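Worksheet for the structure shown next.
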Amino acid sequence: MIEKPAGEKKPQRLGVREIAKRVGVAPMTVSRVLSNPDMVSPETRARVLEAIEQAGFVPNRLASSMRGNGRMIGTVVPPLINSGIAEQVQGMSDQCHEGGYSMLLVQGEFTQEAEERSIRTLLGWRPVGMILQSFVQSEAARALLQSSAVPVVEISEIKGRKPIDMVVGVSNFETAYAMTMHLAAKGYKRIGFVSTPVHGNDRLQQRRTGYHAALNELGFTNHGDMEVEVPITAQGGAEALVTLTARHKDIDAIFFSSDTLAVGAVQECHRRGWVVPGRIAIAGYGDMDLAAQLYPPLTTVKVNRYEMGRRAVRQLLARLGGDTKVPTITSLGFEIVDRESA
């Protein structure tokens with residue numbers, strides 16, 4: 001067993017030489033374990049990997065010709081099928097370009113294992129700063145980021161967890177609460193909720209909690225089977241509509257956590273000859289370009305994802321420039337866009 005040095009109070013940023021010293025091998029052996037493991041005996045390889053794991057070591061992937069250029073910002077994002085995320089990434093990219101920085105993007109999933117893998121990969125390229133989608137769930141990943149001393153902006157959600165460093169976004173609780181109350185104010189009393197899987201996704205967890213809070217405040221009965229989780233596709237939205245209307249014949253409105261899902265539901269209503277909102281009201285989230293052009297135009301929550309991306313980069317660059325007054329939490333506004341679908 002490789003022991004950590006006595007008295008160590010916090011993780012250190014270690015390199016190949018320090019790992020080699022801990023194990024008692026040459027630095028070349030550590031490099032071979034990372035690049036050509038078959039060239040190292042199984043016993044030595046196991047000792048080196050154990051030391052790497054215990055030290056939280058992240059190998060430097062940056063090519064020697066680029067090492068130390070100090071102009072790269074790393075980001076982890078979920079699948080870009082979500083148009084809101086794509087707008088956010090565009091805002092980040094534009095602001096990076098204007099500031100003379102490049103952006104390295106790694107796509108990750110909403111699991112702790114995938115999150116940690118993605119963060120390790122990015123740290124290996126030695127970025128000067130990191131922008132991460134939602135709060136980091138993995139404690140191991142949080143420890144890696146904290147020990148790296150790299151400025152971090154978590155983006156999209158401002159509630160639910162204490163940020164590692166800085167956070168830029170909206171309260172998804174408040175946006176969902178506001179939309180649910182808006183639907184109730186228009187006379188709807190049996191309001192369903194559809195989202196993509198909420199596990200590991202703090203944004204969707206907060207939206208669902210906001211929806212629940214509004215129903216409780218209104219005194220509306222909230223049946224668990226009035227909620228459905230589906231993939232973030234138009235087909236998923238169509239299937240959710242079919243499921244909820246089959247379960248509850250009297251359901252009169254559905255709040256979808258994404259415009260993509262809501263568009264699929266509206267199209268399914270057209271296929272069935274149902275009038276929207278006469279038979280059922282449909283509301284979405286995101287105000288994607290298609291929302292205003294849909295028939296009928298989609299009622300939705302508008303969040304300026306593009307500006308959110310730009311703001312996150314601006315705050316990161318301000319911190320890198322030595323600004324000690326950059327706020328820890330930056331909240332952006334939102335708008336309920338009332339159109340004809342609800």
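Just so we're on the same page: first chain in the structure tokens is A, next is B, and so on; residues restart at 1 for each chain, and ligands are numbered from 1 in the order they show up.
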
Just asking: which residues within range 96-235 of chain A are helix (DSSP H, G or I) according to DSSP, as an mmCIF file with C-alpha atoms, in the first residue's frame?
```
data_model
loop_
_atom_site.group_PDB
_atom_site.id
_atom_site.type_symbol
_atom_site.label_atom_id
_atom_site.label_comp_id
_atom_site.auth_asym_id
_atom_site.auth_seq_id
_atom_site.Cartn_x
_atom_site.Cartn_y
_atom_site.Cartn_z
ATOM 1 C CA CYS A 96 -13.512 33.435 -25.441
ATOM 2 C CA HIS A 97 -12.653 34.518 -28.978
ATOM 3 C CA GLU A 98 -13.129 38.192 -28.137
ATOM 4 C CA GLN A 112 -20.794 11.014 -11.528
ATOM 5 C CA GLU A 113 -18.468 8.599 -13.318
ATOM 6 C CA ALA A 114 -18.790 10.379 -16.682
ATOM 7 C CA GLU A 115 -18.458 13.762 -14.992
ATOM 8 C CA GLU A 116 -15.228 12.772 -13.237
ATOM 9 C CA ARG A 117 -13.795 11.298 -16.449
ATOM 10 C CA SER A 118 -14.553 14.474 -18.401
ATOM 11 C CA ILE A 119 -13.046 16.738 -15.755
ATOM 12 C CA ARG A 120 -9.896 14.606 -15.539
ATOM 13 C CA THR A 121 -9.549 14.793 -19.316
ATOM 14 C CA LEU A 122 -9.855 18.580 -19.333
ATOM 15 C CA LEU A 123 -7.480 19.100 -16.422
ATOM 16 C CA GLU A 139 -16.950 14.526 -4.665
ATOM 17 C CA ALA A 140 -13.800 13.114 -6.276
ATOM 18 C CA ALA A 141 -14.175 15.568 -9.169
ATOM 19 C CA ARG A 142 -14.743 18.459 -6.752
ATOM 20 C CA ALA A 143 -11.564 17.524 -4.898
ATOM 21 C CA LEU A 144 -9.642 17.400 -8.180
ATOM 22 C CA LEU A 145 -10.842 20.872 -9.149
ATOM 23 C CA GLN A 146 -10.121 22.364 -5.751
ATOM 24 C CA SER A 147 -6.591 20.928 -5.667
ATOM 25 C CA SER A 148 -5.886 22.149 -9.207
ATOM 26 C CA ASN A 172 -34.755 26.740 -12.140
ATOM 27 C CA PHE A 173 -37.018 26.391 -9.098
ATOM 28 C CA GLU A 174 -38.354 29.916 -9.654
ATOM 29 C CA THR A 175 -38.775 29.479 -13.430
ATOM 30 C CA ALA A 176 -40.821 26.294 -13.039
ATOM 31 C CA TYR A 177 -42.797 27.716 -10.126
ATOM 32 C CA ALA A 178 -43.630 30.799 -12.222
ATOM 33 C CA MET A 179 -44.765 28.762 -15.253
ATOM 34 C CA THR A 180 -46.952 26.470 -13.140
ATOM 35 C CA MET A 181 -48.575 29.466 -11.456
ATOM 36 C CA HIS A 182 -49.040 31.105 -14.878
ATOM 37 C CA LEU A 183 -50.933 28.060 -16.161
ATOM 38 C CA ALA A 184 -53.070 27.989 -13.031
ATOM 39 C CA ALA A 185 -53.869 31.698 -13.422
ATOM 40 C CA ASP A 202 -29.701 19.672 -10.613
ATOM 41 C CA ARG A 203 -31.436 21.975 -13.134
ATOM 42 C CA LEU A 204 -34.260 19.502 -13.742
ATOM 43 C CA GLN A 205 -34.462 18.568 -10.066
ATOM 44 C CA GLN A 206 -35.037 22.229 -9.226
ATOM 45 C CA ARG A 207 -37.654 22.592 -11.986
ATOM 46 C CA ARG A 208 -39.598 19.613 -10.677
ATOM 47 C CA THR A 209 -39.367 20.975 -7.125
ATOM 48 C CA GLY A 210 -40.657 24.357 -8.322
ATOM 49 C CA TYR A 211 -43.579 22.664 -10.081
ATOM 50 C CA HIS A 212 -44.417 20.741 -6.888
ATOM 51 C CA ALA A 213 -44.195 23.886 -4.755
ATOM 52 C CA ALA A 214 -46.656 25.748 -6.984
ATOM 53 C CA LEU A 215 -49.174 22.882 -6.946
ATOM 54 C CA ASN A 216 -48.932 22.622 -3.161
ATOM 55 C CA GLU A 217 -49.449 26.363 -2.750
ATOM 56 C CA LEU A 218 -52.471 26.248 -5.056
ATOM 57 C CA GLY A 224 -46.956 11.097 -9.040
ATOM 58 C CA ASP A 225 -48.294 9.505 -12.207
ATOM 59 C CA MET A 226 -48.942 12.983 -13.652
ATOM 60 C CA ALA A 234 -39.749 15.407 -30.146
ATOM 61 C CA GLN A 235 -40.779 11.739 -30.138
#
```

Pick out the residues sitting within 6 Å of range 253-268 of chain A, and hand them over as a ChimeraX atom specification; count only C-alpha atoms, and ignore anything fewer than 5 positions along from it in its own chain. /A:191-195,233-235,237-238,241,280-286

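When CA of Gln54 in chain A is paired with CA of Gln107 in chain A, their separation reads 26.0 Å.
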
What's the 10 Å shell around Val152 in chain A, counting only C-alpha atoms, without same-chain residues fewer than 5 positions away, as number ranges by chain? A: 73-75, 128-132, 145-146, 163-167, 312, 315-316, 319

Written file, previous selection with N, CA and C atoms, as a PDB file, in the first residue's frame:
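After the write, selection02.pdb holds the following:
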```
ATOM      1  N   ILE A  73      -9.481  27.709 -22.125  1.00  0.00           N
ATOM      2  CA  ILE A  73     -10.540  27.518 -21.140  1.00  0.00           C
ATOM      3  C   ILE A  73     -11.262  26.216 -21.469  1.00  0.00           C
ATOM      4  N   GLY A  74     -11.401  25.358 -20.488  1.00  0.00           N
ATOM      5  CA  GLY A  74     -12.047  24.066 -20.697  1.00  0.00           C
ATOM      6  C   GLY A  74     -13.495  24.073 -20.248  1.00  0.00           C
ATOM      7  N   THR A  75     -14.330  23.292 -20.913  1.00  0.00           N
ATOM      8  CA  THR A  75     -15.735  23.195 -20.516  1.00  0.00           C
ATOM      9  C   THR A  75     -16.264  21.792 -20.759  1.00  0.00           C
ATOM     10  N   VAL A 128      -6.536  27.252 -18.132  1.00  0.00           N
ATOM     11  CA  VAL A 128      -6.380  28.313 -17.133  1.00  0.00           C
ATOM     12  C   VAL A 128      -7.663  28.513 -16.347  1.00  0.00           C
ATOM     13  N   GLY A 129      -8.770  27.970 -16.842  1.00  0.00           N
ATOM     14  CA  GLY A 129     -10.049  28.079 -16.166  1.00  0.00           C
ATOM     15  C   GLY A 129     -11.006  27.033 -16.690  1.00  0.00           C
ATOM     16  N   MET A 130     -12.075  26.775 -15.929  1.00  0.00           N
ATOM     17  CA  MET A 130     -13.058  25.749 -16.303  1.00  0.00           C
ATOM     18  C   MET A 130     -14.469  26.308 -16.161  1.00  0.00           C
ATOM     19  N   ILE A 131     -15.347  25.956 -17.129  1.00  0.00           N
ATOM     20  CA  ILE A 131     -16.774  26.263 -17.048  1.00  0.00           C
ATOM     21  C   ILE A 131     -17.514  24.936 -17.149  1.00  0.00           C
ATOM     22  N   LEU A 132     -18.297  24.620 -16.123  1.00  0.00           N
ATOM     23  CA  LEU A 132     -18.931  23.311 -16.027  1.00  0.00           C
ATOM     24  C   LEU A 132     -20.445  23.448 -15.975  1.00  0.00           C
ATOM     25  N   LEU A 145     -10.768  19.471  -8.730  1.00  0.00           N
ATOM     26  CA  LEU A 145     -10.842  20.872  -9.149  1.00  0.00           C
ATOM     27  C   LEU A 145     -10.279  21.799  -8.076  1.00  0.00           C
ATOM     28  N   GLN A 146     -10.605  21.520  -6.835  1.00  0.00           N
ATOM     29  CA  GLN A 146     -10.121  22.364  -5.751  1.00  0.00           C
ATOM     30  C   GLN A 146      -8.605  22.279  -5.614  1.00  0.00           C
ATOM     31  N   PRO A 163     -21.405  26.435  -4.608  1.00  0.00           N
ATOM     32  CA  PRO A 163     -20.489  26.328  -5.746  1.00  0.00           C
ATOM     33  C   PRO A 163     -19.049  26.087  -5.299  1.00  0.00           C
ATOM     34  N   ILE A 164     -18.274  25.443  -6.179  1.00  0.00           N
ATOM     35  CA  ILE A 164     -16.855  25.244  -5.917  1.00  0.00           C
ATOM     36  C   ILE A 164     -16.145  26.592  -5.858  1.00  0.00           C
ATOM     37  N   ASP A 165     -16.523  27.481  -6.766  1.00  0.00           N
ATOM     38  CA  ASP A 165     -15.850  28.772  -6.879  1.00  0.00           C
ATOM     39  C   ASP A 165     -16.879  29.859  -7.219  1.00  0.00           C
ATOM     40  N   MET A 166     -17.359  29.877  -8.476  1.00  0.00           N
ATOM     41  CA  MET A 166     -18.360  30.843  -8.925  1.00  0.00           C
ATOM     42  C   MET A 166     -19.488  30.110  -9.644  1.00  0.00           C
ATOM     43  N   VAL A 167     -20.661  30.745  -9.690  1.00  0.00           N
ATOM     44  CA  VAL A 167     -21.792  30.163 -10.401  1.00  0.00           C
ATOM     45  C   VAL A 167     -22.558  31.276 -11.117  1.00  0.00           C
ATOM     46  N   ALA A 312     -20.475  33.895 -18.068  1.00  0.00           N
ATOM     47  CA  ALA A 312     -19.601  32.945 -17.376  1.00  0.00           C
ATOM     48  C   ALA A 312     -18.142  33.150 -17.769  1.00  0.00           C
ATOM     49  N   GLN A 315     -16.709  36.475 -16.318  1.00  0.00           N
ATOM     50  CA  GLN A 315     -16.354  36.399 -14.903  1.00  0.00           C
ATOM     51  C   GLN A 315     -15.074  35.591 -14.697  1.00  0.00           C
ATOM     52  N   LEU A 316     -14.910  34.558 -15.506  1.00  0.00           N
ATOM     53  CA  LEU A 316     -13.691  33.770 -15.422  1.00  0.00           C
ATOM     54  C   LEU A 316     -12.474  34.610 -15.801  1.00  0.00           C
ATOM     55  N   ARG A 319     -11.568  37.071 -13.077  1.00  0.00           N
ATOM     56  CA  ARG A 319     -10.824  36.416 -11.998  1.00  0.00           C
ATOM     57  C   ARG A 319      -9.378  36.182 -12.413  1.00  0.00           C
TER      58      ARG A 319
END
```

Quick one: residues within 10 Å of Leu294 in chain A, only C-alpha atoms, excluding same-chain residues fewer than 3 positions away - as an mmCIF file with N, CA, C and O atoms, in the first residue's frame?
```
data_model
loop_
_atom_site.group_PDB
_atom_site.id
_atom_site.type_symbol
_atom_site.label_atom_id
_atom_site.label_comp_id
_atom_site.auth_asym_id
_atom_site.auth_seq_id
_atom_site.Cartn_x
_atom_site.Cartn_y
_atom_site.Cartn_z
ATOM 1 N N VAL A 263 -42.695 20.686 -28.506
ATOM 2 C CA VAL A 263 -42.963 20.673 -29.950
ATOM 3 C C VAL A 263 -43.485 19.295 -30.364
ATOM 4 O O VAL A 263 -44.443 19.179 -31.141
ATOM 5 N N VAL A 266 -47.141 19.006 -29.287
ATOM 6 C CA VAL A 266 -48.053 19.773 -30.142
ATOM 7 C C VAL A 266 -48.294 19.037 -31.460
ATOM 8 O O VAL A 266 -49.439 18.929 -31.944
ATOM 9 N N GLN A 267 -47.230 18.496 -32.026
ATOM 10 C CA GLN A 267 -47.371 17.755 -33.287
ATOM 11 C C GLN A 267 -48.230 16.505 -33.105
ATOM 12 O O GLN A 267 -49.019 16.145 -33.982
ATOM 13 N N ASP A 289 -35.942 28.897 -31.264
ATOM 14 C CA ASP A 289 -36.401 29.649 -32.434
ATOM 15 C C ASP A 289 -37.747 29.156 -32.955
ATOM 16 O O ASP A 289 -38.602 29.945 -33.362
ATOM 17 N N LEU A 290 -37.942 27.843 -32.927
ATOM 18 C CA LEU A 290 -39.166 27.265 -33.466
ATOM 19 C C LEU A 290 -40.396 27.592 -32.619
ATOM 20 O O LEU A 290 -41.529 27.546 -33.116
ATOM 21 N N ALA A 291 -40.196 27.941 -31.353
ATOM 22 C CA ALA A 291 -41.322 28.136 -30.440
ATOM 23 C C ALA A 291 -42.314 29.181 -30.951
ATOM 24 O O ALA A 291 -43.529 28.987 -30.900
ATOM 25 N N PRO A 297 -48.365 29.083 -31.702
ATOM 26 C CA PRO A 297 -47.098 29.483 -31.081
ATOM 27 C C PRO A 297 -47.027 29.016 -29.629
ATOM 28 O O PRO A 297 -48.031 29.018 -28.914
ATOM 29 N N LEU A 298 -45.811 28.634 -29.205
ATOM 30 C CA LEU A 298 -45.634 27.947 -27.924
ATOM 31 C C LEU A 298 -45.439 28.900 -26.750
ATOM 32 O O LEU A 298 -44.570 29.777 -26.771
ATOM 33 N N GLU A 340 -50.044 31.250 -27.775
ATOM 34 C CA GLU A 340 -51.388 30.692 -27.975
ATOM 35 C C GLU A 340 -51.545 29.233 -27.618
ATOM 36 O O GLU A 340 -52.659 28.706 -27.654
ATOM 37 N N SER A 341 -50.463 28.526 -27.253
ATOM 38 C CA SER A 341 -50.582 27.097 -26.966
ATOM 39 C C SER A 341 -51.132 26.821 -25.580
ATOM 40 O O SER A 341 -51.419 25.668 -25.243
#
```

As a PDB file with all heavy atoms, in the first residue's frame, please: all residues of range 165-214 of chain A that backbone DSSP puts in strand (DSSP E).
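Below is the file part10.pdb, written as the result:
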```pdb
ATOM      1  N   MET A 166     -17.359  29.877  -8.476  1.00  0.00           N
ATOM      2  CA  MET A 166     -18.360  30.843  -8.925  1.00  0.00           C
ATOM      3  C   MET A 166     -19.488  30.110  -9.644  1.00  0.00           C
ATOM      4  O   MET A 166     -19.296  29.005 -10.146  1.00  0.00           O
ATOM      5  CB  MET A 166     -17.719  31.864  -9.887  1.00  0.00           C
ATOM      6  CG  MET A 166     -16.616  32.697  -9.290  1.00  0.00           C
ATOM      7  SD  MET A 166     -15.751  33.682 -10.566  1.00  0.00           S
ATOM      8  CE  MET A 166     -14.693  32.434 -11.311  1.00  0.00           C
ATOM      9  N   VAL A 167     -20.661  30.745  -9.690  1.00  0.00           N
ATOM     10  CA  VAL A 167     -21.792  30.163 -10.401  1.00  0.00           C
ATOM     11  C   VAL A 167     -22.558  31.276 -11.117  1.00  0.00           C
ATOM     12  O   VAL A 167     -22.733  32.368 -10.578  1.00  0.00           O
ATOM     13  CB  VAL A 167     -22.725  29.371  -9.447  1.00  0.00           C
ATOM     14  CG1 VAL A 167     -23.269  30.267  -8.347  1.00  0.00           C
ATOM     15  CG2 VAL A 167     -23.868  28.721 -10.209  1.00  0.00           C
ATOM     16  N   VAL A 168     -22.976  30.990 -12.359  1.00  0.00           N
ATOM     17  CA  VAL A 168     -23.758  31.920 -13.169  1.00  0.00           C
ATOM     18  C   VAL A 168     -24.974  31.166 -13.693  1.00  0.00           C
ATOM     19  O   VAL A 168     -24.837  30.080 -14.263  1.00  0.00           O
ATOM     20  CB  VAL A 168     -22.941  32.459 -14.364  1.00  0.00           C
ATOM     21  CG1 VAL A 168     -23.831  33.293 -15.285  1.00  0.00           C
ATOM     22  CG2 VAL A 168     -21.753  33.286 -13.883  1.00  0.00           C
ATOM     23  N   GLY A 169     -26.170  31.713 -13.512  1.00  0.00           N
ATOM     24  CA  GLY A 169     -27.345  31.015 -14.027  1.00  0.00           C
ATOM     25  C   GLY A 169     -28.642  31.621 -13.554  1.00  0.00           C
ATOM     26  O   GLY A 169     -28.722  32.814 -13.253  1.00  0.00           O
ATOM     27  N   VAL A 170     -29.670  30.787 -13.495  1.00  0.00           N
ATOM     28  CA  VAL A 170     -30.990  31.192 -13.017  1.00  0.00           C
ATOM     29  C   VAL A 170     -31.434  30.216 -11.947  1.00  0.00           C
ATOM     30  O   VAL A 170     -30.845  29.151 -11.771  1.00  0.00           O
ATOM     31  CB  VAL A 170     -32.038  31.197 -14.160  1.00  0.00           C
ATOM     32  CG1 VAL A 170     -31.665  32.189 -15.239  1.00  0.00           C
ATOM     33  CG2 VAL A 170     -32.220  29.798 -14.743  1.00  0.00           C
ATOM     34  N   ILE A 191     -52.547  19.890 -14.069  1.00  0.00           N
ATOM     35  CA  ILE A 191     -51.318  20.239 -14.791  1.00  0.00           C
ATOM     36  C   ILE A 191     -50.278  19.127 -14.627  1.00  0.00           C
ATOM     37  O   ILE A 191     -49.833  18.835 -13.508  1.00  0.00           O
ATOM     38  CB  ILE A 191     -50.742  21.574 -14.271  1.00  0.00           C
ATOM     39  CG1 ILE A 191     -51.798  22.680 -14.357  1.00  0.00           C
ATOM     40  CG2 ILE A 191     -49.486  21.950 -15.055  1.00  0.00           C
ATOM     41  CD1 ILE A 191     -51.406  23.966 -13.639  1.00  0.00           C
ATOM     42  N   GLY A 192     -49.899  18.519 -15.742  1.00  0.00           N
ATOM     43  CA  GLY A 192     -48.866  17.493 -15.717  1.00  0.00           C
ATOM     44  C   GLY A 192     -47.486  18.093 -15.928  1.00  0.00           C
ATOM     45  O   GLY A 192     -47.343  19.258 -16.305  1.00  0.00           O
ATOM     46  N   PHE A 193     -46.463  17.273 -15.696  1.00  0.00           N
ATOM     47  CA  PHE A 193     -45.076  17.729 -15.849  1.00  0.00           C
ATOM     48  C   PHE A 193     -44.268  16.649 -16.556  1.00  0.00           C
ATOM     49  O   PHE A 193     -44.307  15.481 -16.164  1.00  0.00           O
ATOM     50  CB  PHE A 193     -44.458  18.034 -14.483  1.00  0.00           C
ATOM     51  CG  PHE A 193     -43.027  18.519 -14.544  1.00  0.00           C
ATOM     52  CD1 PHE A 193     -42.729  19.794 -14.991  1.00  0.00           C
ATOM     53  CD2 PHE A 193     -41.992  17.691 -14.139  1.00  0.00           C
ATOM     54  CE1 PHE A 193     -41.414  20.251 -15.040  1.00  0.00           C
ATOM     55  CE2 PHE A 193     -40.674  18.138 -14.180  1.00  0.00           C
ATOM     56  CZ  PHE A 193     -40.387  19.418 -14.629  1.00  0.00           C
ATOM     57  N   VAL A 194     -43.539  17.062 -17.590  1.00  0.00           N
ATOM     58  CA  VAL A 194     -42.712  16.129 -18.364  1.00  0.00           C
ATOM     59  C   VAL A 194     -41.292  16.673 -18.427  1.00  0.00           C
ATOM     60  O   VAL A 194     -41.083  17.851 -18.717  1.00  0.00           O
ATOM     61  CB  VAL A 194     -43.257  15.943 -19.796  1.00  0.00           C
ATOM     62  CG1 VAL A 194     -42.333  15.030 -20.608  1.00  0.00           C
ATOM     63  CG2 VAL A 194     -44.668  15.372 -19.752  1.00  0.00           C
ATOM     64  N   SER A 195     -40.322  15.806 -18.178  1.00  0.00           N
ATOM     65  CA  SER A 195     -38.922  16.224 -18.252  1.00  0.00           C
ATOM     66  C   SER A 195     -38.071  15.078 -18.769  1.00  0.00           C
ATOM     67  O   SER A 195     -38.530  13.936 -18.875  1.00  0.00           O
ATOM     68  CB  SER A 195     -38.407  16.665 -16.877  1.00  0.00           C
ATOM     69  OG  SER A 195     -38.170  15.535 -16.049  1.00  0.00           O
TER      70      SER A 195
END
```
